[in-house]
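Source file: structure.cif (mmCIF, C-alpha atoms)
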data_data
loop_
_atom_site.label_atom_id
_atom_site.label_comp_id
_atom_site.auth_asym_id
_atom_site.auth_seq_id
_atom_site.Cartn_x
_atom_site.Cartn_y
_atom_site.Cartn_z
CA MET A 1 47.68 -5.82 -16.27
CA LEU A 2 44.92 -8.42 -16.42
CA SER A 3 41.37 -7.27 -15.88
CA PRO A 4 39.69 -7.91 -12.51
CA ALA A 5 37.82 -10.82 -14.14
CA THR A 6 41.03 -12.73 -14.84
CA PRO A 7 43.75 -14.15 -12.57
CA SER A 8 46.67 -11.89 -11.74
CA LEU A 9 50.03 -12.49 -13.38
CA SER A 10 51.55 -13.39 -10.02
CA SER A 11 48.91 -16.09 -9.49
CA LEU A 12 49.31 -17.44 -13.04
CA ALA A 13 53.11 -17.55 -12.98
CA PRO A 14 53.63 -20.62 -10.74
CA ALA A 15 51.21 -22.71 -12.80
CA VAL A 16 52.84 -21.65 -16.07
CA ARG A 17 56.26 -22.42 -14.63
CA ASP A 18 55.00 -25.86 -13.58
CA ALA A 19 53.52 -26.51 -17.02
CA ALA A 20 56.84 -25.66 -18.67
CA ARG A 21 58.74 -28.02 -16.36
CA ARG A 22 56.24 -30.82 -16.92
CA ALA A 23 56.46 -30.30 -20.67
CA GLY A 24 60.24 -30.64 -20.38
CA ASP A 25 59.77 -33.91 -18.52
CA LEU A 26 57.56 -35.16 -21.37
CA ALA A 27 60.24 -34.31 -23.92
CA LEU A 28 63.24 -35.85 -22.18
CA PRO A 29 62.50 -39.53 -22.98
CA TYR A 30 62.68 -38.64 -26.69
CA PHE A 31 65.99 -36.77 -26.44
CA ARG A 32 69.29 -38.52 -27.17
CA ALA A 33 72.37 -36.42 -26.40
CA GLY A 34 74.62 -36.32 -29.45
CA ALA A 35 72.36 -38.65 -31.40
CA GLN A 36 69.13 -38.62 -33.38
CA THR A 37 65.95 -38.39 -31.33
CA ALA A 38 63.98 -41.46 -30.40
CA ALA A 39 60.85 -39.62 -31.57
CA LYS A 40 59.23 -40.07 -34.95
CA LEU A 41 60.38 -37.27 -37.26
CA TRP A 42 58.82 -35.70 -40.35
CA TYR A 43 58.95 -32.39 -42.19
CA LYS A 44 56.56 -29.51 -42.78
CA GLY A 45 57.16 -28.14 -46.24
CA GLN A 46 60.66 -28.83 -47.48
CA SER A 47 62.85 -28.32 -44.46
CA SER A 48 61.02 -27.63 -41.18
CA PRO A 49 61.32 -30.68 -38.90
CA VAL A 50 58.56 -31.85 -36.56
CA THR A 51 58.73 -34.70 -34.07
CA GLU A 52 56.08 -36.57 -32.15
CA ALA A 53 57.52 -34.84 -29.07
CA ASP A 54 56.57 -31.42 -30.49
CA ILE A 55 53.00 -32.59 -30.94
CA ALA A 56 52.78 -34.24 -27.51
CA LEU A 57 54.05 -31.10 -25.77
CA ASP A 58 51.76 -28.88 -27.81
CA LEU A 59 48.69 -30.88 -26.80
CA PHE A 60 49.77 -30.91 -23.16
CA LEU A 61 50.45 -27.18 -23.02
CA LYS A 62 47.27 -26.22 -24.85
CA GLN A 63 45.17 -28.21 -22.41
CA HIS A 64 46.88 -26.87 -19.28
CA LEU A 65 47.29 -23.24 -20.32
CA THR A 66 43.77 -23.00 -21.70
CA GLU A 67 42.45 -24.26 -18.37
CA LEU A 68 44.39 -21.52 -16.59
CA LEU A 69 42.91 -18.75 -18.75
CA PRO A 70 40.00 -20.02 -20.85
CA GLN A 71 39.23 -16.61 -22.34
CA ALA A 72 42.70 -16.30 -23.91
CA GLY A 73 43.35 -17.08 -27.55
CA TRP A 74 45.94 -19.61 -28.69
CA LEU A 75 48.82 -19.36 -31.16
CA SER A 76 51.36 -22.17 -31.42
CA GLU A 77 53.79 -23.42 -34.02
CA GLU A 78 52.21 -26.87 -33.94
CA THR A 79 48.50 -25.96 -33.86
CA ALA A 80 46.45 -24.99 -36.92
CA ASP A 81 45.87 -21.25 -36.65
CA ASP A 82 42.47 -20.16 -35.38
CA PRO A 83 41.72 -16.59 -36.53
CA SER A 84 39.47 -16.10 -33.50
CA ARG A 85 42.67 -15.30 -31.56
CA LEU A 86 42.70 -11.92 -33.28
CA GLN A 87 39.55 -10.96 -31.37
CA GLN A 88 41.05 -11.75 -27.97
CA SER A 89 42.86 -9.29 -25.71
CA HIS A 90 44.94 -12.09 -24.17
CA VAL A 91 46.64 -14.80 -26.24
CA TRP A 92 48.92 -17.67 -25.28
CA ILE A 93 51.83 -17.82 -27.72
CA VAL A 94 53.72 -21.10 -27.47
CA ASP A 95 56.54 -23.00 -29.09
CA PRO A 96 56.45 -26.49 -27.54
CA ILE A 97 60.04 -27.14 -28.65
CA ASP A 98 61.93 -24.11 -29.90
CA GLY A 99 64.93 -25.55 -31.69
CA THR A 100 63.35 -28.76 -32.99
CA ARG A 101 66.29 -29.35 -35.31
CA ALA A 102 68.66 -29.21 -32.32
CA PHE A 103 66.38 -31.46 -30.26
CA ALA A 104 66.17 -34.00 -33.09
CA SER A 105 69.95 -34.12 -33.58
CA GLY A 106 70.89 -34.41 -29.91
CA HIS A 107 72.07 -30.80 -29.43
CA PRO A 108 71.24 -29.39 -25.95
CA ASP A 109 70.09 -25.93 -27.10
CA TRP A 110 66.32 -26.33 -27.29
CA ALA A 111 63.61 -24.96 -25.04
CA ILE A 112 59.91 -24.77 -24.24
CA SER A 113 58.69 -21.21 -24.81
CA ILE A 114 55.46 -19.83 -23.34
CA ALA A 115 54.24 -16.22 -23.48
CA LEU A 116 51.00 -14.58 -22.48
CA VAL A 117 50.40 -11.57 -24.70
CA LYS A 118 47.99 -8.76 -23.90
CA ASP A 119 46.99 -6.30 -26.62
CA GLY A 120 49.98 -7.18 -28.77
CA ARG A 121 52.77 -7.23 -26.16
CA PRO A 122 53.97 -9.97 -23.77
CA VAL A 123 53.10 -9.62 -20.09
CA LEU A 124 54.24 -13.05 -18.86
CA GLY A 125 56.99 -15.27 -20.25
CA VAL A 126 58.52 -18.62 -19.30
CA LEU A 127 61.32 -20.38 -21.13
CA HIS A 128 62.54 -23.79 -19.96
CA ALA A 129 65.76 -25.37 -21.25
CA PRO A 130 65.64 -28.88 -19.74
CA ILE A 131 69.09 -30.10 -20.78
CA HIS A 132 70.72 -27.01 -19.26
CA ASP A 133 68.36 -27.13 -16.25
CA ARG A 134 67.60 -23.44 -16.70
CA LEU A 135 64.20 -21.85 -16.31
CA TYR A 136 63.87 -18.25 -17.40
CA GLU A 137 60.82 -16.18 -16.53
CA ALA A 138 59.57 -12.61 -16.56
CA ARG A 139 56.47 -10.62 -15.69
CA ILE A 140 55.81 -7.15 -16.99
CA GLY A 141 57.17 -4.54 -14.59
CA GLU A 142 58.54 -7.16 -12.18
CA GLY A 143 61.91 -8.14 -13.63
CA ALA A 144 63.38 -11.20 -15.32
CA TRP A 145 64.84 -14.23 -13.57
CA CYS A 146 66.77 -17.41 -14.31
CA ASN A 147 66.56 -20.21 -11.74
CA GLY A 148 65.47 -17.64 -9.19
CA GLU A 149 68.31 -15.18 -9.81
CA ARG A 150 67.59 -11.78 -11.30
CA MET A 151 68.90 -11.22 -14.83
CA GLN A 152 70.56 -8.03 -16.03
CA ALA A 153 71.66 -7.54 -19.62
CA SER A 154 75.30 -6.80 -20.40
CA ALA A 155 76.83 -3.52 -19.29
CA THR A 156 79.87 -4.15 -21.50
CA ASP A 157 81.92 -1.07 -22.32
CA PRO A 158 80.58 0.04 -25.72
CA HIS A 159 84.14 0.34 -27.01
CA SER A 160 85.13 -3.26 -26.24
CA ALA A 161 84.50 -6.23 -28.55
CA PRO A 162 80.95 -7.43 -27.88
CA LYS A 163 80.04 -11.13 -27.71
CA VAL A 164 77.72 -11.74 -30.66
CA ALA A 165 75.58 -14.70 -31.75
CA GLY A 166 73.47 -14.96 -34.86
CA PRO A 167 73.52 -15.74 -38.57
CA LYS A 168 76.93 -15.12 -40.15
CA PRO A 169 75.75 -12.55 -42.74
CA LEU A 170 74.24 -10.41 -39.98
CA VAL A 171 77.30 -10.76 -37.75
CA ASP A 172 79.49 -9.73 -40.71
CA ARG A 173 77.28 -6.69 -41.22
CA LEU A 174 77.49 -5.73 -37.55
CA GLU A 175 81.26 -6.10 -37.52
CA ARG A 176 81.63 -3.79 -40.51
CA GLY A 177 79.84 -1.13 -38.50
CA VAL A 178 81.23 -1.56 -34.98
CA GLY A 179 84.63 -3.12 -35.56
CA PRO A 180 85.87 -6.46 -34.17
CA VAL A 181 83.39 -8.64 -32.32
CA GLU A 182 83.73 -11.89 -30.41
CA ARG A 183 81.81 -14.40 -32.52
CA LEU A 184 79.96 -17.02 -30.49
CA PRO A 185 78.47 -20.18 -31.99
CA LYS A 186 74.99 -19.62 -33.35
CA VAL A 187 72.44 -20.81 -30.79
CA PRO A 188 69.95 -23.00 -32.68
CA SER A 189 67.04 -22.10 -30.40
CA LEU A 190 66.21 -18.48 -31.16
CA ALA A 191 64.37 -18.14 -27.85
CA LEU A 192 67.47 -19.28 -25.98
CA ARG A 193 69.72 -16.98 -28.02
CA LEU A 194 67.61 -14.02 -26.91
CA ALA A 195 67.34 -15.19 -23.29
CA ARG A 196 71.14 -15.39 -23.15
CA VAL A 197 71.27 -11.72 -24.09
CA ALA A 198 68.96 -11.05 -21.14
CA GLU A 199 71.30 -12.96 -18.81
CA ALA A 200 74.42 -11.28 -20.29
CA SER A 201 76.18 -14.39 -21.59
CA ILE A 202 75.66 -12.85 -25.05
CA ASP A 203 75.97 -9.10 -25.64
CA ILE A 204 74.20 -8.91 -28.99
CA GLY A 205 71.82 -11.45 -30.53
CA LEU A 206 70.94 -11.14 -34.20
CA VAL A 207 67.78 -12.52 -35.79
CA SER A 208 67.11 -13.33 -39.45
CA ALA A 209 63.88 -12.31 -41.15
CA ASN A 210 60.79 -14.49 -40.73
CA ALA A 211 61.07 -15.23 -37.02
CA GLN A 212 57.60 -16.13 -35.77
CA ASP A 213 55.73 -14.88 -32.71
CA TRP A 214 56.28 -18.16 -30.88
CA ASP A 215 60.06 -17.93 -31.38
CA ILE A 216 60.47 -14.58 -29.69
CA ALA A 217 57.50 -13.43 -27.56
CA ALA A 218 58.58 -14.91 -24.21
CA ALA A 219 62.23 -13.93 -24.63
CA ASP A 220 61.21 -10.42 -25.73
CA LEU A 221 59.70 -9.79 -22.30
CA MET A 222 62.78 -11.20 -20.57
CA LEU A 223 64.98 -8.83 -22.54
CA HIS A 224 62.78 -5.86 -21.71
CA GLU A 225 62.72 -6.69 -18.01
CA ALA A 226 66.51 -7.26 -17.94
CA GLY A 227 67.32 -3.82 -19.36
CA ALA A 228 67.66 -4.84 -22.99
CA MET A 229 65.69 -4.32 -26.19
CA LEU A 230 64.46 -6.45 -29.07
CA THR A 231 63.76 -4.29 -32.10
CA GLY A 232 63.80 -4.28 -35.86
CA PHE A 233 66.74 -2.59 -37.50
CA ASP A 234 64.46 0.43 -37.87
CA GLY A 235 64.04 0.56 -34.09
CA SER A 236 60.47 -0.72 -34.11
CA THR A 237 59.20 -2.93 -31.27
CA PRO A 238 57.59 -6.25 -32.25
CA ILE A 239 53.81 -6.42 -32.04
CA TYR A 240 52.32 -9.88 -31.48
CA ASN A 241 49.09 -11.63 -32.42
CA LYS A 242 48.78 -10.06 -35.84
CA PRO A 243 47.12 -11.91 -38.75
CA VAL A 244 50.58 -12.89 -40.05
CA PRO A 245 52.73 -13.58 -36.97
CA SER A 246 56.15 -13.12 -38.57
CA HIS A 247 58.83 -10.47 -38.22
CA GLY A 248 61.73 -8.93 -40.13
CA GLU A 249 65.40 -8.88 -39.15
CA MET A 250 65.92 -7.95 -35.52
CA ILE A 251 68.56 -7.23 -32.92
CA ALA A 252 68.60 -7.99 -29.18
CA VAL A 253 70.98 -5.87 -27.15
CA SER A 254 71.17 -3.95 -23.89
CA SER A 255 69.56 -0.53 -23.92
CA ARG A 256 73.00 1.00 -23.39
CA LEU A 257 74.49 -0.64 -26.49
CA HIS A 258 71.38 -0.41 -28.66
CA PRO A 259 72.04 2.94 -30.40
CA ARG A 260 75.51 1.95 -31.55
CA ALA A 261 74.52 -1.58 -32.55
CA ILE A 262 71.42 -0.60 -34.46
CA GLY A 263 73.32 2.18 -36.19
CA ALA A 264 75.74 -0.43 -37.50
CA MET A 265 72.92 -2.59 -38.87
CA ARG A 266 71.37 0.40 -40.66
CA ALA A 267 74.64 1.41 -42.30
#

Now that the file is in, can you turn its structure into structure tokens?
Amino acid sequence: MLSPATPSLSSLAPAVRDAARRAGDLALPYFRAGAQTAAKLWYKGQSSPVTEADIALDLFLKQHLTELLPQAGWLSEETADDPSRLQQSHVWIVDPIDGTRAFASGHPDWAISIALVKDGRPVLGVLHAPIHDRLYEARIGEGAWCNGERMQASATDPHSAPKVAGPKPLVDRLERGVGPVERLPKVPSLALRLARVAEASIDIGLVSANAQDWDIAAADLMLHEAGAMLTGFDGSTPIYNKPVPSHGEMIAVSSRLHPRAIGAMRA
């Protein structure tokens, strides 16, 4: 938990929830359902889109979250990395719009993702999907919730066809190992894909290599608190706030289904 010198998670949570909702309100004027965003759009590198909405939300969240916990470091997709975060026990890890490509094209599956990480693992997570009007949240040891209702990962019979979302090559690989699966459309926001495993609308979520801390940290805690796991195919648990904040291929699945599913991905 937080040290006596810092606010408790329960006292931080309402303010973080409010910040996520307010960030969603900032994004909505730029969103055009089924059409290209009203925001200015450019690209990082060759293919990673950024909009003025991403930047506006990033600035807003950095200001508000830093005020809540000034001693915490900061890691965000849209902020130049400050290596001083590596010296901090607590770090905010934020994706102001997870699923920018979806947001920019008018697809509803995008979200604001906020995690507070302590010593490499998330202790507080909030994920807000404004178009779906769904707010997911979790605190370490206290459960995971969506719009005030407790989440519990799928208890699907391990011998039935699981509902799977993720990149086609990984779904193909899983199916070779476990037999027929129900293929769901790939959810463009990785954070939302994982949160939907926590709420049991997806049984297994698959993740390509090179996911970043800000894509997965908040949803990782939700999975853990909902009775699920996010691990590498070797069974390792993600550690956050490392010098290079990226990860290999991963799987999100209920603890009950994890041994069978991960065995298929190792085969």

Sorted by chain and rising residue number, list the residues of range 69-141 of chain A at most 12 Å from range 39-42 of chain A (counting all atoms listed in the file), each with its closest atom pair and distance in Å to one decimal, as CSV.
residue,atom,partner,partner_atom,distance
A:Thr100,CA,A:Leu41,CA,10.0
A:Arg101,CA,A:Leu41,CA,10.1
A:Phe103,CA,A:Ala39,CA,9.9
A:Ala104,CA,A:Leu41,CA,7.8
A:Ser105,CA,A:Leu41,CA,10.7
A:Gly106,CA,A:Ala39,CA,11.4

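If you apply the PyMOL selection byres ((chain A and resi 183) around 9) to this structure, you end up with Pro162, Lys163, Val164, Ala165, Gly166, Val171, Val181, Glu182, Leu184, Pro185 and Lys186 of chain A.
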
Keeping only C-alpha atoms, write the selected residues to a file as a compact mmCIF listing (two decimals), in the frame of the given file.
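Once written, again_8.txt looks like this:
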# COMPACT_ATOMS: atom_id res chain seq x y z
CA PRO A 162 80.95 -7.43 -27.88
CA LYS A 163 80.04 -11.13 -27.71
CA VAL A 164 77.72 -11.74 -30.66
CA ALA A 165 75.58 -14.70 -31.75
CA GLY A 166 73.47 -14.96 -34.86
CA VAL A 171 77.30 -10.76 -37.75
CA VAL A 181 83.39 -8.64 -32.32
CA GLU A 182 83.73 -11.89 -30.41
CA LEU A 184 79.96 -17.02 -30.49
CA PRO A 185 78.47 -20.18 -31.99
CA LYS A 186 74.99 -19.62 -33.35

Looking at A:Gly141, A:Pro7, A:Gly73, A:Pro259, which one is nearest to Asp119 in chain A, with distances taken over only C-alpha atoms? A:Gly73

Could you state the separation of CA of Ser48 in chain A and CA of Ser76 in chain A in Å, given to one decimal place? 14.8 Å

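Between Arg193 in chain A and the candidates A:Ala264, A:Asp109, A:Leu9, A:Asp172, the tightest atom-to-atom separation, counting all atoms listed in the file, involves A:Asp109.
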
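Minimum atom-to-atom distances from A:Val91, A:Pro83, A:Glu77, A:His132 to Leu28 in chain A were compared using only C-alpha atoms, and the lowest value belongs to A:His132.
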
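For the structure in this document, the set picked by the PyMOL selection byres ((chain A and resi 131) around 10) is A:Gly24, A:Leu28, A:Phe31, A:Ala33, A:Phe103, A:His107, A:Pro108, A:Asp109, A:Trp110, A:Ala111, A:His128, A:Ala129, A:Pro130, A:His132, A:Asp133, A:Arg134.
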
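Compared by their closest atoms to Ala195 in chain A, and using all atoms listed in the file, the residues A:Ala23, A:Ala219, A:Leu174, A:Val253 rank with A:Ala219 nearest.
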
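Using all atoms listed in the file, the smallest distance between any of A:Gly99, A:Pro29, A:Gly227, A:Gly248 and Ser154 in chain A comes from A:Gly227.
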
Evaluate the PyMOL selection byres ((chain A and resi 198) around 9) on the structure here and hand back the selected residues as JSON, numbers by chain. {"A": [144, 151, 152, 153, 154, 194, 195, 196, 197, 199, 200, 201, 202, 203, 219, 222, 223, 224, 225, 226, 227, 228, 252, 253, 254]}

Compile the contact shell of Ile251 in chain A as a list in words: residues with an atom at most 8 Å away, counting only C-alpha atoms, same-chain residues fewer than 6 positions apart removed. Ile204, Gly205, Leu206, Val207, Met229, Leu230, Thr231, Gly232, Phe233 and Ile262 of chain A

Which residues of range 3-27 of chain A come within 10 Å of range 52-60 of chain A, and what is each one's closest atom pair and distance in Å (one decimal), counting only C-alpha atoms, sorted by chain and residue number, as CSV?
residue,atom,partner,partner_atom,distance
A:Ala19,CA,A:Phe60,CA,8.4
A:Ala20,CA,A:Leu57,CA,9.4
A:Arg22,CA,A:Phe60,CA,9.0
A:Ala23,CA,A:Leu57,CA,5.7
A:Gly24,CA,A:Leu57,CA,8.2
A:Asp25,CA,A:Leu57,CA,9.7
A:Leu26,CA,A:Leu57,CA,6.9
A:Ala27,CA,A:Ala53,CA,5.8
